[in-house]
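Colleague: Questions regarding the structure given below will be posed in turn.
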2 protein chains.
Amino acid sequence: MDEKTFSHRDEPPKDEERVGERVTIRDVAKQAGVSVSTASKALNERGRMTAETRDRVRQAATQLGFTPNALARALVSQRSFTIGLLTSDTYGRFTLPIAAGLSAAMADRGVSVFLCAVGDAQDRIDINLRAMQEKCVDGLIIAGKRIDRRVVRDLPPLGMPVIHVNAASAEGEIGFVPDDIGGARLAVEHLIRLGRRRIAHISGPTNFEAVTLREQGWRLALDDAGLLLPGPASALPGEWSEAYGFAVGQRFFDRPSSERPDAYFCGNDQIARGLIDALSFGGVCVPADVAVVGYDNWELFAAATRPPLTTVDMCLTDLGGAAGLTLLELIDGKPVSPGVRRQPCRLVVRQSCGTGSAGYARPQMGGKPEEERQPIGSSTG
Amino acid sequence: MDEKTFSHRDEPPKDEERVGERVTIRDVAKQAGVSVSTASKALNERGRMTAETRDRVRQAATQLGFTPNALARALVSQRSFTIGLLTSDTYGRFTLPIAAGLSAAMADRGVSVFLCAVGDAQDRIDINLRAMQEKCVDGLIIAGKRIDRRVVRDLPPLGMPVIHVNAASAEGEIGFVPDDIGGARLAVEHLIRLGRRRIAHISGPTNFEAVTLREQGWRLALDDAGLLLPGPASALPGEWSEAYGFAVGQRFFDRPSSERPDAYFCGNDQIARGLIDALSFGGVCVPADVAVVGYDNWELFAAATRPPLTTVDMCLTDLGGAAGLTLLELIDGKPVSPGVRRQPCRLVVRQSCGTGSAGYARPQMGGKPEEERQPIGSSTG
DNA sequence: CTGAAAGCGCTTACAG
DNA sequence: CTGAAAGCGCTTACAG
């Protein structure tokens, strides 16, 4: 089990150096011939000392394979370098990108993150909240599935900074959510740039704030371009499903040709897919006849659509990272103003809008770069 | 920020009880009028003492809102009640169910789990492995995307128990993976029970062990029923994509009617979906003419398929929970034999196989063939 | 039954 | 520049 180097191991092991036991700073100090406090300072770049001494300690540490005990350090420094991620999304559509971004940003700074998948059960929430307190996390990220719902209804005073991500936050709290208005604008402006003029919008249920915001973005972009059609009828809120997109696509043919949209901005990728299926089935060519933009950049849908879907990516990974960084500032006592931050989305251009004349293509257009092209959904292996 | 109760707060706060500071066991002891060691024992149900004393301590603890400091406890008990989850799957298809199951099972036992999303970058792996050691986790779960790939190629001696989940493990290690052979049998036996006789198999690339195993299960089930067709041609390995399923579905019509399968067992849900689309598009009715079973129970696909897909669920949540429990045993020093455990899958019956004669129907099964006879696009959801 | 002491592995003033 | 001492918040033998 142990494959420690055999060099420098001539003397019989003293009690502090018992084989299999973890090597502590005492071992390092002894090996380097200094006191424990000096060893500590040397290892932590603190205080002044001879370069020679510092080096000797460092050498001893690597030689012995010293790993500092973060628990002990946390106990004295009152800082555990851990944070908690409490998420209600056990399915993972939103949480995993957020968690991955958070985890990566934190790992670089020596901070580890506890995952608490609580779903919606209040007792799970309580248990995990308590665990986080016992474990002395420095702060907490609370992540949800909807920007208009709180994950924890009555958050008790935790005595630590908290940031809400992709979820609702109350007055005085700090929240990070995707900028839905901006994301929608990205999509619609892209369509306009490509020469589309009759741009319809299909989306999910209106009781989602995201639906309202994306519709606003759509409207604003159209208005800016002087393309806003009269009447509210052109926005079609419905369901988040493929079936709904399909149904709308079928209704496309009920309208006289002159009234048919030449583009659709969809509230999510599933709707876009259903829509494209219906249009294609009806003999309409996407993107030649009708352009389609989705929302979410859910690879699985976006890449499987024929043609591959141009769609808005909410950059949830960045969102997680940004939230984590701000949490760190809070932990460091830096002043951070409350309120919700709407983080920018980005448009991923594939082929469902054609190229038009804008020359908007990116190198990776029509697909993600190789590295990201994983065997998604490849059921295990 | 602090909303401590105001009762029992008459005396001016002593230095150990400064407002805003966390209350420690010393505070509890003082409040209860006992020593710290007695307080500790009372709170931990250890040693013998008057019920009266124990109660007094407990009361003081709740009154003061005492939360034990797990860091301090870990330092002395050499047990942190934390484990690490290192996962290469940043997309989340497999990790999140596993993580959720693990997290839930551990939370019930006071164990918290660190999430380390490392992707495939070796430096991320190293950083996170080191962080887990510094944080003194009691054990590590390493989760992957494929049962035939190691997540960490050369795992250094960590000095802590490790369990591999949904990933390859080496001789002498412990692994938890879904039972692919069993899962396949579940699917095929279901089809047989429903009266299907010519059951084809479509799956992903043959360099996936999962593909090989599922094919084995398919073959075994057929053989048991005396339905094994001669020649290896009836297994069609290809890609994990919808496009591949669609392509196979199209080839269905190239064969003479007498040679056409009356059922397909698909290696994943995406293939199944593509297949169903192609069959429906060609006028074949699913399940009346051809039954289809998928694999993964990826809700998004399984529920969106027309008709909703009967599919194999790998029970990844259970897998995560089971792995965690075994890790706990390892941590407790209990003997656990090495090797890989293949955990059972379960069949989720929806409507893509019809009811047949086996009386296997559930209330929502058995849609009218007419309703199900829909063009390709209707396979939205 | 209860408490004083030592110690988990570190860091941090404070002396020398 | 270096080290002895105290202490972070707890638990665990060991005395009383």
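Letters for chains follow the order of the structure tokens (A, B, ...), residue numbers begin at 1 for each chain, and ligand numbers begin at 1 in the order shown.
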Matching each Cα of chain B to the same-order Cα of chain A and superposing by least squares, what RMSD do you find?
Modeller: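 Between these identical-sequence chains, the C-alpha RMSD is 4.4 Å.
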Colleague: Kindly determine which residues of chain B lie within 6 Å of chain C, considering only C-alpha atoms (C1' of nucleotides), and give the answer as a list of chain:residue names.
Modeller: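 Every residue meeting the condition is included here: B:Met49, B:Leu75, B:Val76.
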Colleague: Near chain B, meaning an atom within 7 Å, which residues of chain A appear when counting only C-alpha atoms? Write them as a PyMOL selection string.
Modeller: chain A and resi 1-2+67-72+75+90-92+96-97+100+103+107+112-117+128+134-136+157+241-243+246+274+277-278+281+377-381
Colleague: Among region 73-246 of chain A, which residues does DSSP mark as strand (DSSP E or B) when it is run on the backbone? Keep the chain and numbering as in the structure and answer as an MDAnalysis selection string.
Modeller: chainID A and resid 82:87 112:117 139:143 162:165 174:178 199:203 235:237
Colleague: Would you return as a PyMOL selection string the members of region 167-291 of chain B that DSSP assigns to alpha helix (DSSP H) on this structure's backbone?
Modeller: chain B and resi 180-193+209-224+242-251+269-281
Colleague: How many Å separate CA of Arg260 (chain A) from CA of Ile192 (chain A)?
Modeller: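 Separating CA of Arg260 (chain A) from CA of Ile192 (chain A) is a distance of 15.9 Å.
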Colleague: Can you list, as a ChimeraX atom specification, every protein, DNA or RNA residue that comes within 10 Å of Leu328 (chain B) when you count only C-alpha atoms (C1' of nucleotides), leaving out same-chain residues fewer than 5 positions away?
Modeller: /B:81,83,106,109,111,138-139,161,322-323,333-334
Colleague: What is the CA of Gly245 (chain A) to CA of Gln216 (chain A) distance in Å?
Modeller: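 Spanning CA of Gly245 (chain A) to CA of Gln216 (chain A) is a straight-line distance of 19.8 Å.
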Colleague: Which value, in Å to one decimal, gives the distance between CA of Val36 (chain B) and CA of Arg54 (chain B)?
Modeller: 12.5 Å
